[in-house]
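To keep things clear, I will list the structure first and then write my remarks on it.
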Amino acid sequence: MKTYPYSISELVENRFRLPTNFDDFLQSVTTGIEYVRKGEPIVTNRHILGREVIVKQLRSNTNLNNQFHRFYVIVLRCDETKIEEQTYYVTQMFKRTDTDSVKEIFDVQLWNLKILQNNEIIKIHLAYDYAKGSYTYQYGTNSIMQMGYQTLPIYDYNHPNVLKNSELKYTKVWEIEHFNLELSYKYRNMLETLLKNGCTNLWGDVAKGYSDMRKMTKGKLMRNRLNLKKFNPDHHQWEWLPKLLKFGLTVELSMEISKRWTSYEIENQIKGATTLSIETKILMKYLLKQNQEFRHYNDYLEMMIKLNTPVETNQTMFPKDLKKAHDKAVNKYNTLKHEFDSRTYSSKILPVIEKLEYTNNEYAIIVPKDPDEILQEGKALDHCVGSYIGQVLKGETIILFIRMATETSKPLYTMEFKDGRVNQIRGIGNKSAPESIKTFADQWRKKKGKLCKSLSIGY
């Protein structure tokens with residue numbers, strides 16, 4: 001463990017004192033209690049303006065020892081050479097001062113002390129010394145029990161005025177979260193360089209721990225200070241700048257690309273350019289102009305290949321309006337696929353399954369005449385039978401409609417027959433079938449089930 005030229009007791013004793021209005025701060029983060037006896041308020045301590053206060057009856061047997069609340073608070077204090085983060089363990093309690101008055105008391109105990117000074121970060125905490133049989137201060141940090149350390153109340157101090165003539169002013173203690181304080185202190189010289197060059201975005205990312213500091217050297221910053229002043233990049237843009245410049249892009253385009261897209265999307269474009277044998281610079285400039293991601297462009301190319309359309313020319317490889325060209329290709333593909341599916345169903349599926357139609361006095365089994373009827377059935381009954389069309393066309397399953405015998409055009413229930421058995425029957429909103437429908441389906445299975453097994457559609 002590192003040793004220091006001063007004792008722990010000296011560090012604790014010489015820490016910044018608590019402000020005179022600290023009790024007001026503690027009141028602002030707690031709920032007060034106003035005691036009354038027989039409906040009349042009794043004397044208690046004052047409450048700050050706006051404090052939440054609850055009223056309780058005070059009786060002769062009221063046990064005030066049970067009226068306590070424990071919590072943690074953080075106090076950030078600094079001068080021109082030192083920053084301290086003090087964490088206090090506070091107990092809010094109420095004591096009788098006499099028969100007619102109750103006083104609110106805050107017992108405050110230093111729990112953790114963090115000192116940032118002279119390029120050092122010293123951490124001290126309160127711990128139980130079993131050898132001495134008492135609590136003492138030791139190096140290290142206490143945990144904060146039963147609550148997130150980042151959500152603790154923080155005493156707001158006038159740091160900007162205190163630090164205005166200090167080298168620590170570039171840490172901007174008053175702007176960062178306290179849990180990033182060590183990081184800001186460690187890289188305060190880097191933060192100073194960034195602020196002096198007007199790079200507020202990168203300053204914020206460094207102070208918050210977003211940046212990869214292995215790539216954030218002062219030499220690199222100074223070599224690129226003109227770009228820093230001109231573009232004010234964030235850490236994402238800064239890290240991508242040298243990579244994109246290698247592809248022959250200008251600084252302006254590199255900044256625009258990294259501002260527009262995530263790292264995942266940029267990597268997709270680089271990989272895609274390699275796969276498609278396109279110069280990375282050309283692809284990126286094109287997608288930037290079109291304001292589209294690579295996946296959208298790749299979808300377009302895949303559609304063109306499925307449509308047997310050559311993509312060797314610039315006109316097809318880089319359409320003037322990518323979105324319109326993409327949508328046009330998708331619509332054309334869907335139309336051709338629909339026509340193909342309809343022909344497949346009419347020529348291979350329907351001639352085989354039309355023998356499965358059946359009716360009795362109450363219900364009827366109807367065979368869909370084309371895939372569109374299956375889609376319409378799903379829309380009418382608000383279920384997902386439309387997603388089964390692919391399986392139907394492959395002969396993996398059979399979809400049939402159950403209707404009233406007197407209303408064969410009105411959707412009622414949809415039945416799936418698969419592997420020689422009724423797999424499911426669903427009505428409106430995916431509702432299960434009643435016993436009467438199940439009985440009818442079983443009757444149909446006994447009449448037509450054997451026929452299904454002999455059908456040459458994949459069984």
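Naming works like this for the structure tokens: A, B, ... for the chains as they're shown, residue 1 at the start of each chain, ligands 1 onward in shown order.
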**Request:** Within 10 Å of Leu336 in chain A, counting only C-alpha atoms, which residues show up once you throw out same-chain ones fewer than 6 positions away? Write them as a ChimeraX atom specification, please.
**Result:** /A:307,330,342
Name all residues at most 9 Å from Thr408 in chain A (count only C-alpha atoms; drop same-chain ones fewer than 3 positions away) and give them as a tab-separated table (two decimals) with C-alpha atoms, in the first residue's frame.
chain	number	residue	atom	x	y	z
A	363	TYR	CA	-70.91	-26.85	-40.97
A	364	ALA	CA	-68.77	-27.04	-44.12
A	365	ILE	CA	-65.05	-27.52	-44.86
A	366	ILE	CA	-63.98	-25.14	-47.64
A	402	ILE	CA	-64.62	-24.10	-41.49
A	403	ARG	CA	-67.81	-22.20	-42.32
A	404	MET	CA	-71.51	-22.41	-41.53
A	405	ALA	CA	-73.18	-24.67	-44.10
A	411	PRO	CA	-65.10	-16.76	-42.24
**alpha helix (DSSP H) residues, from DSSP on the backbone, in range 81-190 of chain A, as a ChimeraX atom specification** = /A:159-163,181-186,188-190
**Request:** Excluding Leu287 in chain A and any residue of its chain fewer than 3 positions from it, enumerate the residues within 12 Å of it, using only C-alpha atoms, and give them as a PyMOL selection string.
**Result:** chain A and resi 253+256-257+260-261+265-266+268-270+272-273+280-284+290-298+318-323
Neighbour list for range 433-436 of chain A as a short mmCIF file (atom, residue, chain, number, x, y, z; two decimals) with C-alpha atoms, in the first residue's frame, cut-off 12 Å, only C-alpha atoms, skip fewer than 4 positions in-chain:
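Output saved as around33.cif:
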data_model
loop_
_atom_site.label_atom_id
_atom_site.label_comp_id
_atom_site.auth_asym_id
_atom_site.auth_seq_id
_atom_site.Cartn_x
_atom_site.Cartn_y
_atom_site.Cartn_z
CA GLU A 362 -74.51 -27.47 -39.85
CA TYR A 363 -70.91 -26.85 -40.97
CA ILE A 402 -64.62 -24.10 -41.49
CA MET A 404 -71.51 -22.41 -41.53
CA LEU A 412 -65.78 -18.68 -39.02
CA TYR A 413 -62.82 -20.94 -38.06
CA THR A 414 -59.52 -21.86 -39.70
CA MET A 415 -58.10 -25.39 -39.47
CA GLN A 424 -55.14 -26.59 -34.60
CA ILE A 425 -58.44 -24.78 -35.11
CA ARG A 426 -58.60 -21.03 -34.51
CA GLY A 427 -61.41 -18.49 -34.66
CA ILE A 428 -61.53 -14.72 -34.45
CA GLY A 429 -58.70 -13.25 -32.36
CA PHE A 440 -67.32 -31.66 -36.75
CA ALA A 441 -63.56 -31.58 -37.47
CA ASP A 442 -63.21 -35.08 -36.02
CA GLN A 443 -66.09 -36.23 -38.22
#
Could you give me, as an mmCIF file with C-alpha atoms, in the first residue's frame, the residues within 9 Å of range 104-115 of chain A, counting only C-alpha atoms and dropping anything in the same chain fewer than 4 positions from it?
data_model
loop_
_atom_site.group_PDB
_atom_site.id
_atom_site.type_symbol
_atom_site.label_atom_id
_atom_site.label_comp_id
_atom_site.auth_asym_id
_atom_site.auth_seq_id
_atom_site.Cartn_x
_atom_site.Cartn_y
_atom_site.Cartn_z
ATOM 1 C CA LEU A 11 -6.041 14.302 6.572
ATOM 2 C CA VAL A 12 -9.381 13.751 8.305
ATOM 3 C CA ARG A 15 -10.511 18.309 5.640
ATOM 4 C CA ASP A 23 -28.621 21.399 8.309
ATOM 5 C CA LEU A 26 -30.213 17.876 5.145
ATOM 6 C CA GLY A 32 -39.810 16.606 8.471
ATOM 7 C CA ILE A 33 -42.215 15.706 11.292
ATOM 8 C CA THR A 44 -40.405 21.884 17.192
ATOM 9 C CA ASN A 45 -37.461 23.169 15.224
ATOM 10 C CA TYR A 72 -25.932 9.041 2.943
ATOM 11 C CA LYS A 82 -7.496 20.543 -3.853
ATOM 12 C CA ILE A 83 -10.813 18.782 -4.445
ATOM 13 C CA GLU A 84 -12.519 16.724 -1.743
ATOM 14 C CA GLU A 85 -15.436 14.347 -2.011
ATOM 15 C CA GLN A 86 -16.827 13.743 1.475
ATOM 16 C CA THR A 87 -19.487 11.094 2.023
ATOM 17 C CA TYR A 88 -21.450 11.305 5.281
ATOM 18 C CA TYR A 89 -23.588 8.740 7.044
ATOM 19 C CA VAL A 90 -26.485 10.724 8.506
ATOM 20 C CA THR A 91 -29.069 9.742 11.120
ATOM 21 C CA GLN A 92 -32.173 11.918 11.362
ATOM 22 C CA MET A 93 -33.781 11.586 14.828
ATOM 23 C CA PHE A 94 -36.121 13.408 17.205
ATOM 24 C CA LYS A 95 -35.494 14.125 20.906
ATOM 25 C CA GLU A 120 -2.628 11.992 -6.026
ATOM 26 C CA ILE A 121 -6.020 10.485 -5.224
ATOM 27 C CA ILE A 122 -6.224 9.526 -1.553
ATOM 28 C CA LYS A 123 -9.153 7.459 -0.278
ATOM 29 C CA ILE A 124 -10.022 7.119 3.409
ATOM 30 C CA HIS A 125 -12.950 5.347 5.061
ATOM 31 C CA LEU A 126 -14.362 4.663 8.519
ATOM 32 C CA ALA A 127 -13.783 1.059 9.606
ATOM 33 C CA TYR A 137 -10.163 5.816 9.772
ATOM 34 C CA GLY A 140 -9.728 2.590 1.220
ATOM 35 C CA THR A 141 -13.414 3.132 0.470
ATOM 36 C CA ASN A 142 -16.565 2.005 2.261
ATOM 37 C CA SER A 143 -19.486 0.612 0.331
#
**Prompt:** Which value, in Å to one decimal, gives the distance between CA of Ile154 in chain A and CA of Ile74 in chain A?
**Reply:**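 Taking CA of Ile154 in chain A as the start and CA of Ile74 in chain A as the end point, the length is 4.7 Å.
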**Contacts of Glu80 in chain A within 12 Å, only C-alpha atoms, excl. fewer than 5 positions in-chain, as a PyMOL selection string** = chain A and resi 116-118+159-171
How about saving the chosen residues, N, CA and C atoms kept, as a PDB file, in the first residue's frame?
ATOM      1  N   LEU A 116      -8.243  14.788  -3.790  1.00  0.00           N
ATOM      2  CA  LEU A 116      -7.538  14.879  -5.062  1.00  0.00           C
ATOM      3  C   LEU A 116      -6.627  16.100  -4.999  1.00  0.00           C
ATOM      4  N   GLN A 117      -5.320  15.840  -4.895  1.00  0.00           N
ATOM      5  CA  GLN A 117      -4.358  16.929  -4.698  1.00  0.00           C
ATOM      6  C   GLN A 117      -2.957  16.453  -5.052  1.00  0.00           C
ATOM      7  N   ASN A 118      -2.150  17.358  -5.622  1.00  0.00           N
ATOM      8  CA  ASN A 118      -0.744  17.062  -5.922  1.00  0.00           C
ATOM      9  C   ASN A 118      -0.584  15.783  -6.748  1.00  0.00           C
ATOM     10  N   HIS A 159     -18.652  26.074  -6.948  1.00  0.00           N
ATOM     11  CA  HIS A 159     -17.330  25.713  -7.449  1.00  0.00           C
ATOM     12  C   HIS A 159     -16.784  26.640  -8.531  1.00  0.00           C
ATOM     13  N   PRO A 160     -17.594  27.120  -9.492  1.00  0.00           N
ATOM     14  CA  PRO A 160     -17.008  27.943 -10.561  1.00  0.00           C
ATOM     15  C   PRO A 160     -16.229  29.141 -10.041  1.00  0.00           C
ATOM     16  N   ASN A 161     -16.759  29.848  -9.056  1.00  0.00           N
ATOM     17  CA  ASN A 161     -16.062  31.024  -8.525  1.00  0.00           C
ATOM     18  C   ASN A 161     -14.810  30.638  -7.748  1.00  0.00           C
ATOM     19  N   VAL A 162     -14.879  29.507  -7.036  1.00  0.00           N
ATOM     20  CA  VAL A 162     -13.729  29.062  -6.248  1.00  0.00           C
ATOM     21  C   VAL A 162     -12.570  28.672  -7.158  1.00  0.00           C
ATOM     22  N   LEU A 163     -12.888  28.027  -8.289  1.00  0.00           N
ATOM     23  CA  LEU A 163     -11.842  27.479  -9.154  1.00  0.00           C
ATOM     24  C   LEU A 163     -11.455  28.386 -10.321  1.00  0.00           C
ATOM     25  N   LYS A 164     -12.018  29.574 -10.399  1.00  0.00           N
ATOM     26  CA  LYS A 164     -11.820  30.388 -11.597  1.00  0.00           C
ATOM     27  C   LYS A 164     -10.359  30.750 -11.850  1.00  0.00           C
ATOM     28  N   ASN A 165      -9.534  30.798 -10.812  1.00  0.00           N
ATOM     29  CA  ASN A 165      -8.119  31.122 -10.985  1.00  0.00           C
ATOM     30  C   ASN A 165      -7.219  29.912 -10.738  1.00  0.00           C
ATOM     31  N   SER A 166      -7.800  28.722 -10.796  1.00  0.00           N
ATOM     32  CA  SER A 166      -7.051  27.504 -10.469  1.00  0.00           C
ATOM     33  C   SER A 166      -6.863  26.639 -11.707  1.00  0.00           C
ATOM     34  N   GLU A 167      -5.789  25.825 -11.692  1.00  0.00           N
ATOM     35  CA  GLU A 167      -5.593  24.860 -12.772  1.00  0.00           C
ATOM     36  C   GLU A 167      -6.713  23.821 -12.794  1.00  0.00           C
ATOM     37  N   LEU A 168      -7.411  23.675 -11.679  1.00  0.00           N
ATOM     38  CA  LEU A 168      -8.489  22.694 -11.594  1.00  0.00           C
ATOM     39  C   LEU A 168      -9.772  23.167 -12.274  1.00  0.00           C
ATOM     40  N   LYS A 169      -9.792  24.406 -12.759  1.00  0.00           N
ATOM     41  CA  LYS A 169     -11.031  24.921 -13.358  1.00  0.00           C
ATOM     42  C   LYS A 169     -11.422  24.125 -14.600  1.00  0.00           C
ATOM     43  N   TYR A 170     -10.420  23.493 -15.261  1.00  0.00           N
ATOM     44  CA  TYR A 170     -10.730  22.746 -16.473  1.00  0.00           C
ATOM     45  C   TYR A 170     -11.391  21.396 -16.172  1.00  0.00           C
ATOM     46  N   THR A 171     -11.364  20.966 -14.911  1.00  0.00           N
ATOM     47  CA  THR A 171     -12.088  19.744 -14.548  1.00  0.00           C
ATOM     48  C   THR A 171     -13.584  19.999 -14.491  1.00  0.00           C
TER      49      THR A 171
END
**Request:** Do a neighbour search on Lys196 in chain A at 12 Å with only C-alpha atoms, toss out local chain neighbours closer than 2 positions, and write the hits as a PyMOL selection string.
**Result:** chain A and resi 169-170+189-194+198-200+202-203+221-222+225-226+228-229+232
**Message:** Could you go through range 130-258 of chain A and tell me which residues DSSP, when run on the backbone, assigns to strand (DSSP E), listing them as a ChimeraX atom specification?
**Reply:** /A:134-139,154-155
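Among the candidates A:Asn21, A:Ser409, A:Ser184, A:Asn14, the residue lying nearest to Val206 in chain A is A:Ser184 (atoms considered: only C-alpha atoms).
CA of Tyr333 in chain A sits 20.3 Å away from CA of Thr313 in chain A.
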**Item:** Counting only C-alpha atoms, the residue of A:Lys271, A:Lys394, A:His235, A:Lys285 that sits nearest Gly248 in chain A
**Value:**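 Smallest distance to Gly248 in chain A is found for A:Lys285.
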**Message:** Which residue is closest to Tyr139 in chain A? Choose from A:Leu400, A:Val385, A:Ile8, A:Leu18 and count only C-alpha atoms.
**Reply:** A:Ile8
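Taking CA of Gly133 in chain A as the reference point, CA of Asn66 in chain A is found at 27.1 Å.
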